[in-house]
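Shown next: model.txt, given as compact mmCIF, C-alpha atoms.
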# COMPACT_ATOMS: atom_id res chain seq x y z
CA VAL S 1 -10.10 22.39 6.57
CA ILE S 2 -9.03 21.76 10.18
CA VAL S 3 -5.54 22.93 11.19
CA SER S 4 -3.80 21.61 14.32
CA ASP S 5 -0.23 21.96 15.58
CA HIS S 6 0.99 18.93 13.64
CA MET S 7 -1.32 18.28 10.70
CA VAL S 8 -3.88 19.64 8.25
CA ILE S 9 -7.09 17.60 7.93
CA THR S 10 -9.06 18.27 4.74
CA LEU S 11 -12.61 16.97 4.45
CA GLU S 12 -13.65 16.54 0.82
CA ASN S 13 -17.22 15.68 -0.14
CA GLN S 14 -17.21 13.61 -3.32
CA ASN S 15 -20.48 12.08 -4.52
CA ASP S 16 -21.92 12.29 -1.01
CA THR S 17 -18.97 10.34 0.42
CA GLU S 18 -16.67 12.10 2.82
CA LYS S 19 -12.97 11.65 2.15
CA ILE S 20 -10.47 12.55 4.87
CA LYS S 21 -7.04 13.66 3.72
CA ILE S 22 -4.39 14.16 6.41
CA GLU S 23 -1.27 16.16 5.67
CA ARG S 24 1.49 16.64 8.20
CA LEU S 25 2.75 20.14 8.98
CA LEU S 26 6.53 20.43 9.36
CA LYS S 27 8.60 23.06 11.11
CA PRO S 28 10.25 25.41 8.57
CA LEU S 29 13.87 24.64 7.67
CA SER S 30 14.80 28.24 8.52
CA GLY S 31 14.83 27.21 12.19
CA PHE S 32 17.25 24.33 11.53
CA SER S 33 20.54 25.18 13.31
CA GLY S 34 23.86 25.34 11.51
CA MET S 35 22.34 25.85 8.09
CA SER S 36 25.03 26.82 5.63
CA GLY S 37 23.99 27.15 2.00
CA GLU S 38 25.27 23.66 1.15
CA MET S 39 23.64 22.01 4.18
CA LYS S 40 20.34 23.78 3.47
CA GLU S 41 20.38 22.29 -0.02
CA LEU S 42 21.08 18.79 1.35
CA ALA S 43 18.34 19.22 3.99
CA SER S 44 15.83 20.09 1.28
CA VAL S 45 16.86 16.90 -0.61
CA ILE S 46 16.25 14.73 2.48
CA SER S 47 12.99 16.57 3.27
CA ARG S 48 11.51 15.23 0.03
CA ASP S 49 11.55 11.77 1.62
CA ILE S 50 9.33 12.78 4.55
CA TYR S 51 5.83 11.32 4.35
CA LEU S 52 3.57 14.38 4.35
CA HIS S 53 0.46 12.40 3.41
CA CYS S 54 -0.82 9.62 5.61
CA PRO S 55 -0.36 6.19 3.89
CA ASN S 56 -3.62 5.10 5.60
CA VAL S 57 -2.44 1.64 6.74
CA ARG S 58 -3.70 0.66 10.22
CA TRP S 59 -2.36 -1.97 12.63
CA GLU S 60 -5.49 -4.05 12.07
CA ASP S 61 -4.87 -4.01 8.29
CA ILE S 62 -1.78 -6.16 8.87
CA VAL S 63 -2.58 -9.83 9.44
CA GLY S 64 -0.14 -11.50 11.85
CA LEU S 65 3.31 -9.95 12.60
CA GLU S 66 2.32 -9.62 16.28
CA ASP S 67 5.92 -9.57 17.59
CA ALA S 68 6.91 -6.87 15.13
CA LYS S 69 3.86 -4.73 15.97
CA ARG S 70 4.52 -5.12 19.70
CA LEU S 71 8.18 -4.05 19.43
CA VAL S 72 7.37 -1.08 17.19
CA LYS S 73 4.78 0.10 19.74
CA GLU S 74 7.35 -0.31 22.54
CA ALA S 75 9.92 1.67 20.56
CA VAL S 76 7.76 4.43 19.05
CA VAL S 77 4.24 4.67 20.47
CA TYR S 78 4.58 4.08 24.22
CA PRO S 79 7.70 6.28 24.84
CA ILE S 80 5.76 9.25 23.46
CA LYS S 81 2.59 8.39 25.42
CA TYR S 82 4.28 7.41 28.70
CA PRO S 83 7.73 9.11 28.81
CA GLN S 84 7.98 8.68 32.59
CA LEU S 85 8.26 4.88 32.13
CA PHE S 86 11.07 4.93 29.57
CA THR S 87 14.13 6.17 31.48
CA GLY S 88 17.42 4.58 32.54
CA ILE S 89 17.59 0.87 31.72
CA LEU S 90 14.07 1.13 30.26
CA SER S 91 15.08 3.69 27.62
CA PRO S 92 13.28 2.83 24.33
CA TRP S 93 14.79 0.74 21.56
CA LYS S 94 16.55 2.89 18.98
CA GLY S 95 16.85 0.35 16.17
CA LEU S 96 14.68 -2.47 14.81
CA LEU S 97 15.43 -4.74 11.85
CA LEU S 98 12.64 -6.51 9.95
CA TYR S 99 14.03 -9.27 7.75
CA GLY S 100 12.45 -12.04 5.75
CA PRO S 101 11.31 -13.10 2.27
CA PRO S 102 10.00 -10.47 -0.16
CA GLY S 103 6.27 -9.78 0.00
CA THR S 104 5.69 -10.68 3.67
CA GLY S 105 4.68 -7.21 4.91
CA LYS S 106 7.87 -5.44 6.03
CA THR S 107 7.21 -2.24 4.09
CA LEU S 108 3.48 -2.45 4.93
CA LEU S 109 4.41 -2.45 8.62
CA ALA S 110 6.52 0.67 8.05
CA LYS S 111 3.49 2.37 6.44
CA ALA S 112 1.42 1.45 9.51
CA VAL S 113 4.08 3.14 11.66
CA ALA S 114 3.78 6.26 9.48
CA THR S 115 -0.02 6.18 9.84
CA GLU S 116 -0.43 5.24 13.51
CA CYS S 117 2.58 6.62 15.36
CA LYS S 118 2.10 10.36 14.78
CA THR S 119 5.83 10.82 14.18
CA THR S 120 7.69 12.50 11.33
CA PHE S 121 8.38 9.59 8.97
CA PHE S 122 11.52 9.59 6.78
CA ASN S 123 11.19 6.99 3.98
CA ILE S 124 14.85 6.46 3.02
CA SER S 125 16.28 4.25 0.28
CA ALA S 126 19.78 4.03 -1.22
CA SER S 127 18.95 6.75 -3.75
CA SER S 128 18.19 9.17 -0.89
CA ILE S 129 21.66 9.11 0.66
CA VAL S 130 24.04 7.88 -2.06
CA SER S 131 25.51 10.72 -4.13
CA LYS S 132 27.95 10.71 -7.03
CA TRP S 133 29.66 13.81 -5.59
CA ARG S 134 32.64 13.14 -3.34
CA GLY S 135 31.78 13.65 0.33
CA ASP S 136 28.07 14.28 -0.23
CA SER S 137 26.86 10.83 0.88
CA GLU S 138 28.19 11.11 4.44
CA LYS S 139 26.91 14.70 4.63
CA LEU S 140 23.45 13.50 3.57
CA VAL S 141 23.53 10.85 6.32
CA ARG S 142 24.48 13.46 8.93
CA VAL S 143 21.81 15.89 7.72
CA LEU S 144 19.22 13.06 7.78
CA PHE S 145 19.80 12.39 11.49
CA GLU S 146 19.99 16.09 12.36
CA LEU S 147 16.69 16.68 10.55
CA ALA S 148 15.15 13.72 12.37
CA ARG S 149 16.15 15.28 15.71
CA TYR S 150 14.83 18.66 14.56
CA HIS S 151 11.44 17.17 13.60
CA ALA S 152 11.35 14.73 16.58
CA PRO S 153 9.57 12.53 17.43
CA SER S 154 10.75 10.89 14.20
CA THR S 155 11.04 7.49 12.55
CA ILE S 156 13.74 6.82 9.95
CA PHE S 157 12.77 3.90 7.71
CA LEU S 158 15.73 2.38 5.84
CA ASP S 159 14.29 0.13 3.13
CA GLU S 160 16.45 -2.53 1.40
CA LEU S 161 19.16 -1.96 4.03
CA GLU S 162 21.60 -4.41 2.40
CA SER S 163 21.98 -1.98 -0.54
CA VAL S 164 23.34 0.67 1.86
CA MET S 165 24.97 -1.31 4.69
CA GLY S 166 26.53 -4.41 3.10
CA GLN S 167 29.57 -5.87 4.85
CA ARG S 168 32.53 -3.54 4.51
CA GLY S 169 35.35 -4.78 2.31
CA SER S 170 33.34 -7.71 0.96
CA SER S 171 32.68 -6.39 -2.55
CA MET S 172 34.68 -7.73 -5.51
CA GLY S 173 37.73 -5.64 -6.32
CA GLY S 174 37.60 -3.78 -3.00
CA GLU S 175 35.10 -1.28 -1.69
CA HIS S 176 34.93 2.31 -2.90
CA GLU S 177 36.25 4.83 -0.38
CA GLY S 178 33.08 6.94 -0.59
CA SER S 179 30.87 3.94 0.22
CA ARG S 180 33.05 3.04 3.22
CA ARG S 181 32.90 6.61 4.55
CA MET S 182 29.11 6.73 4.19
CA LYS S 183 28.72 3.44 6.11
CA THR S 184 31.02 4.70 8.86
CA GLU S 185 28.97 7.91 9.17
CA LEU S 186 25.73 5.90 9.39
CA LEU S 187 27.22 3.76 12.19
CA VAL S 188 28.44 6.87 14.06
CA GLN S 189 25.00 8.48 13.81
CA MET S 190 23.31 5.29 15.06
CA ASP S 191 25.70 5.28 18.04
CA GLY S 192 24.79 8.89 18.74
CA LEU S 193 21.10 7.93 18.85
CA ALA S 194 21.73 5.14 21.36
CA ARG S 195 23.51 7.56 23.73
CA SER S 196 20.92 10.34 23.49
CA ASP S 197 17.40 10.92 24.80
CA ASP S 198 16.15 12.11 21.39
CA LEU S 199 12.87 10.53 20.29
CA VAL S 200 14.34 9.26 17.02
CA PHE S 201 13.87 5.62 16.02
CA VAL S 202 15.43 3.67 13.13
CA LEU S 203 13.30 1.00 11.46
CA ALA S 204 15.16 -1.05 8.83
CA ALA S 205 13.99 -3.74 6.41
CA SER S 206 16.12 -6.28 4.56
CA ASN S 207 15.48 -9.24 2.25
CA MET S 208 19.09 -10.46 2.67
CA PRO S 209 20.17 -9.98 6.31
CA TRP S 210 23.24 -12.22 5.88
CA GLU S 211 24.77 -9.48 3.71
CA LEU S 212 24.51 -6.80 6.43
CA ASP S 213 27.55 -5.40 8.21
CA HIS S 214 27.93 -6.88 11.72
CA ALA S 215 28.50 -3.45 13.28
CA MET S 216 25.10 -2.40 11.94
CA LEU S 217 23.46 -5.52 13.36
CA ARG S 218 24.75 -4.59 16.83
CA ARG S 219 23.12 -1.17 16.57
CA LEU S 220 19.81 -2.65 15.46
CA GLU S 221 18.94 -3.94 18.91
CA LYS S 222 15.83 -5.88 17.88
CA ARG S 223 15.86 -8.23 14.89
CA ILE S 224 12.61 -9.92 13.85
CA LEU S 225 11.98 -12.53 11.16
CA VAL S 226 8.91 -11.54 9.16
CA SER S 227 8.22 -15.02 7.84
CA LEU S 228 5.67 -16.50 5.48
CA PRO S 229 2.10 -16.26 6.85
CA GLN S 230 0.70 -19.06 9.02
CA SER S 231 -2.52 -20.95 8.18
CA GLN S 232 -4.86 -18.60 10.07
CA ALA S 233 -3.29 -15.53 8.45
CA ARG S 234 -3.50 -17.11 4.98
CA GLN S 235 -7.19 -17.84 5.48
CA ALA S 236 -7.82 -14.25 6.63
CA MET S 237 -6.01 -12.91 3.54
CA ILE S 238 -8.03 -15.02 1.09
CA SER S 239 -11.34 -14.10 2.74
CA HIS S 240 -10.29 -10.43 2.71
CA TRP S 241 -9.41 -10.33 -1.00
CA LEU S 242 -12.20 -12.69 -2.12
CA PRO S 243 -15.19 -12.26 0.23
CA PRO S 244 -18.53 -13.94 -0.61
CA LEU S 245 -19.77 -10.73 -2.26
CA THR S 246 -18.02 -7.60 -3.50
CA SER S 247 -19.51 -4.77 -5.52
CA THR S 248 -17.31 -2.28 -7.38
CA GLY S 249 -18.49 0.12 -10.04
CA GLY S 250 -21.96 -1.41 -9.89
CA VAL S 251 -20.62 -4.88 -10.82
CA GLU S 252 -21.08 -7.69 -8.33
CA LEU S 253 -18.48 -10.43 -7.89
CA ARG S 254 -19.60 -13.48 -5.94
CA THR S 255 -17.42 -16.28 -4.60
CA ASP S 256 -18.09 -19.75 -3.28
CA LEU S 257 -14.80 -20.80 -1.68
CA ASP S 258 -13.67 -23.28 0.95
CA TYR S 259 -11.36 -20.82 2.74
CA GLU S 260 -9.97 -23.36 5.20
CA THR S 261 -8.91 -25.82 2.49
CA LEU S 262 -7.45 -23.10 0.27
CA ALA S 263 -5.43 -21.72 3.20
CA GLU S 264 -3.67 -25.11 3.42
CA ASP S 265 -3.13 -25.19 -0.36
CA VAL S 266 -1.28 -21.85 -0.38
CA GLU S 267 1.24 -22.90 2.27
CA GLY S 268 4.64 -21.45 1.34
CA TYR S 269 3.12 -18.42 -0.43
CA SER S 270 3.89 -14.92 0.82
CA GLY S 271 1.19 -12.30 1.43
CA SER S 272 1.85 -10.64 -1.94
CA ASP S 273 1.78 -14.08 -3.67
CA ILE S 274 -1.65 -14.80 -2.13
CA ARG S 275 -2.96 -11.41 -3.25
CA LEU S 276 -1.75 -12.14 -6.79
CA VAL S 277 -3.52 -15.53 -6.81
CA CYS S 278 -6.76 -13.92 -5.54
CA LYS S 279 -6.55 -11.21 -8.20
CA GLU S 280 -6.00 -13.78 -10.95
CA ALA S 281 -8.94 -15.89 -9.67
CA ALA S 282 -11.18 -12.80 -9.70
CA MET S 283 -10.11 -12.09 -13.32
CA ARG S 284 -11.33 -15.46 -14.62
CA PRO S 285 -15.07 -14.58 -14.82
CA VAL S 286 -14.18 -11.09 -16.13
CA ARG S 287 -12.22 -12.54 -19.08
CA LYS S 288 -15.28 -14.52 -20.16
CA ILE S 289 -17.33 -11.38 -20.87
CA PHE S 290 -14.72 -9.34 -22.79
CA ASP S 291 -15.88 -10.62 -26.20
CA ALA S 292 -19.51 -9.65 -25.49
CA LEU S 293 -18.46 -6.21 -24.28
CA GLU S 294 -16.27 -5.61 -27.35
CA LEU S 295 -19.13 -6.69 -29.65
CA HIS S 296 -21.52 -4.15 -28.10
CA GLN S 297 -18.79 -1.50 -28.32
CA ASP S 298 -18.45 -2.13 -32.08
CA GLU S 299 -22.21 -2.05 -32.66
CA ASP S 300 -22.51 1.22 -30.74
CA THR S 301 -25.47 -0.08 -28.72
CA ASP S 302 -26.23 0.40 -25.05
CA MET S 303 -23.93 -1.47 -22.71
CA PRO S 304 -25.67 -4.60 -21.38
CA ALA S 305 -25.96 -5.34 -17.67
CA ILE S 306 -22.84 -7.14 -16.56
CA HIS S 307 -23.30 -10.45 -14.71
CA LEU S 308 -20.14 -12.25 -13.63
CA GLU S 309 -19.95 -15.96 -12.92
CA THR S 310 -19.22 -17.05 -9.34
CA VAL S 311 -15.56 -17.70 -8.48
CA THR S 312 -15.34 -21.25 -7.13
CA THR S 313 -12.75 -23.27 -5.25
CA THR S 314 -11.97 -25.07 -8.53
CA ASP S 315 -11.18 -21.72 -10.22
CA PHE S 316 -8.83 -20.83 -7.37
CA LEU S 317 -7.02 -24.19 -7.55
CA GLU S 318 -6.58 -23.87 -11.34
CA VAL S 319 -4.97 -20.45 -10.85
CA LEU S 320 -2.79 -21.89 -8.09
CA ALA S 321 -1.45 -24.54 -10.47
CA HIS S 322 -0.06 -21.76 -12.72
CA THR S 323 1.12 -19.33 -10.01
CA LYS S 324 4.13 -20.49 -8.01
CA PRO S 325 5.40 -18.97 -4.74
CA SER S 326 8.22 -16.47 -5.06
CA ALA S 327 10.25 -17.15 -1.89
CA ARG S 328 9.55 -20.64 -0.52
CA SER S 329 13.04 -21.92 -1.41
CA LEU S 330 14.72 -19.24 0.73
CA ILE S 331 12.88 -19.88 4.00
CA ASP S 332 15.49 -22.36 5.32
CA ARG S 333 18.21 -19.76 4.94
CA TYR S 334 16.19 -17.17 6.88
CA THR S 335 15.49 -19.69 9.65
CA ALA S 336 19.21 -20.55 9.92
CA TRP S 337 20.13 -16.86 10.13
CA GLU S 338 17.41 -16.31 12.73
CA SER S 339 18.81 -19.05 14.98
CA GLU S 340 22.13 -17.17 15.09
CA TYR S 341 21.07 -13.51 15.23
CA LYS S 342 17.49 -13.47 16.58
CA SER S 343 16.66 -10.67 19.05
CA VAL S 344 12.93 -10.30 19.75

Transcribe the structure of this file into structure tokens.
Amino acid sequence: VIVSDHMVITLENQNDTEKIKIERLLKPLSGFSGMSGEMKELASVISRDIYLHCPNVRWEDIVGLEDAKRLVKEAVVYPIKYPQLFTGILSPWKGLLLYGPPGTGKTLLAKAVATECKTTFFNISASSIVSKWRGDSEKLVRVLFELARYHAPSTIFLDELESVMGQRGSSMGGEHEGSRRMKTELLVQMDGLARSDDLVFVLAASNMPWELDHAMLRRLEKRILVSLPQSQARQAMISHWLPPLTSTGGVELRTDLDYETLAEDVEGYSGSDIRLVCKEAAMRPVRKIFDALELHQDEDTDMPAIHLETVTTTDFLEVLAHTKPSARSLIDRYTAWESEYKSV
């Protein structure tokens, strides 16, 4: 075990392979100023959403999204490395919105930030800051930002932002007073970040940016469309998930695929859609041996050596015919919204 100022690194030797487990050390809450009993309880609730374990997603694991990676580095990585550059008009971005179809890598990018940026990472969803008790939601928002300053440098990731910051007054039958107060508190806290020198950065993700409150959009200075992958990225994804040879658990899976042609065939598919197609294609030769395996299981004889058939381009295309893209129909709406609100 290696202990540094900010993290614990545990080296575990399992079957002669070395596994590195990184756990972040946090300052104790006893040093958090203004801690009444109630606020201490709320702070402990928010602290549960801090990533203590490294998600282990690197920049190079994300295919494409170059603009998003560049802006995140400008907002989070470089201000910590080169603080002398980021003063005055060059003060770092405080808010970045990633929007686009589901399954295109928005949350994956957030995990890369948690892995690469060496900041305290708050993974916040609606359940983290919405409370049934009157007045608690806005208190949770305030405690969240105070904790982020206390543990700075910090990144606050707001996933599915439209569930928290929909347009005020737009809901059927009028908006609940508690929801309106929570949104106002979130906007006030975002304003406070923009006027301060605290190394706290808000990264938000949304599948439906047209539902977001306009005041929130103003505070998210950079807004990037995370669109469906381009041809080169699609080809890289297929070759990553279905390389010519993989070996897991002593079983070899071979493929004979025309990656360039298949990349054109999956146009309109998101990254998660492509992964699903690859997984289904890899399952085809496995399904063919289940009967033989079950027969040997019933006869209580030694398990035979497993030989899987090669996954071919034809197999992939047959899977593609039965697996449709999940978000292709929405891309025009994202493009239209981008033309009006883009800020890269």

Work out how far apart CA of Trp241 in chain S and CA of Ile274 in chain S are and give it in Å to one decimal.
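About the pair CA of Trp241 in chain S and CA of Ile274 in chain S: they are 9.0 Å apart.
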
Work out how far apart CA of Pro229 in chain S and CA of Ser343 in chain S are and give it in Å to one decimal.
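Distance between the two atoms: 19.8 Å.
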
Rounded to one decimal, what separation in Å do you get between CA of Leu257 in chain S and CA of Phe316 in chain S?
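CA of Leu257 in chain S sits 8.2 Å away from CA of Phe316 in chain S.
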
Of the listed residues S:Val226, S:Val45, S:Val72, S:Leu320, that which approaches Glu267 in chain S most closely, counting only C-alpha atoms:
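Under the stated criterion, the closest residue is S:Leu320.
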
List as an NGL selection string: which residues have an atom within 8 Å of (24.4, -10.5, 15.2), counting only C-alpha atoms?
:S and (214 or 217-218 or 340-342)

Return the single residue from S:Thr255, S:Asn207, S:Gly103, S:Leu186 that is closest to Asp315 in chain S, with distances computed using only C-alpha atoms.
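Of the candidates, the smallest distance to Asp315 in chain S is held by S:Thr255.
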
Dump as CSV the rows for residues of range 211-303 of chain S within 7 Å of range 104-120 of chain S: closest atom pair and distance in Å with one decimal, only C-alpha atoms counted, ordered by chain and rising residue number.
residue,atom,partner,partner_atom,distance
S:Val226,CA,S:Thr104,CA,6.4
S:Ser227,CA,S:Thr104,CA,6.5
S:Leu228,CA,S:Thr104,CA,6.1
S:Ser270,CA,S:Thr104,CA,5.4
S:Gly271,CA,S:Thr104,CA,5.3
S:Ser272,CA,S:Thr104,CA,6.8

Six-sided padding of 3 Å per side, axis-aligned box over range 326-334 of chain S, centre and edges in Å, one decimal, as lines of an AutoDock Vina configuration file:
center_x = 13.2
center_y = -19.4
center_z = 0.9
size_x = 16.0
size_y = 11.9
size_z = 17.9

Select all residues near (-15.1, -15.9, 0.4) (cut-off 12 Å, inclusive, file coordinates), counting all atoms listed in the file, and output them as number ranges by chain.
S: 235-246, 253-263, 278, 281-282, 310-313, 316

Residue with smallest distance to Ser339 in chain S - pool S:Glu146, S:Lys94, S:Val130, S:Leu225, counting all atoms listed in the file:
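So, comparing all the options, the nearest one is S:Leu225.
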
Using 6 Å as the limit and counting only C-alpha atoms, can you tabulate each residue of range 33-130 of chain S that touches range 150-163 of chain S, with its shortest atom-to-atom distance in Å and the two atoms involved, as a Markdown table?
| residue | atom | partner | partner_atom | distance |
| --- | --- | --- | --- | --- |
| S:Thr119 | CA | S:Ser154 | CA | 4.9 |
| S:Thr120 | CA | S:Ser154 | CA | 4.5 |
| S:Phe121 | CA | S:Thr155 | CA | 4.9 |
| S:Phe122 | CA | S:Ile156 | CA | 4.8 |
| S:Asn123 | CA | S:Phe157 | CA | 5.1 |
| S:Ile124 | CA | S:Leu158 | CA | 5.0 |
| S:Ser125 | CA | S:Asp159 | CA | 5.4 |

Considering only C-alpha atoms, can you say which of S:Leu98, S:Asp198, S:Asp49, S:Lys288 comes closest to Val76 in chain S?
S:Asp198

Would you mind telling me which residue in S:Val200, S:Ile129, S:Ala215, S:Val319 lies nearest to Pro79 in chain S when using only C-alpha atoms?
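Result for the nearest residue to Pro79 in chain S: S:Val200.
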
Which of S:Leu199, S:Leu193, S:Tyr99, S:Leu317 sits closest to Val77 in chain S [using only C-alpha atoms]:
S:Leu199
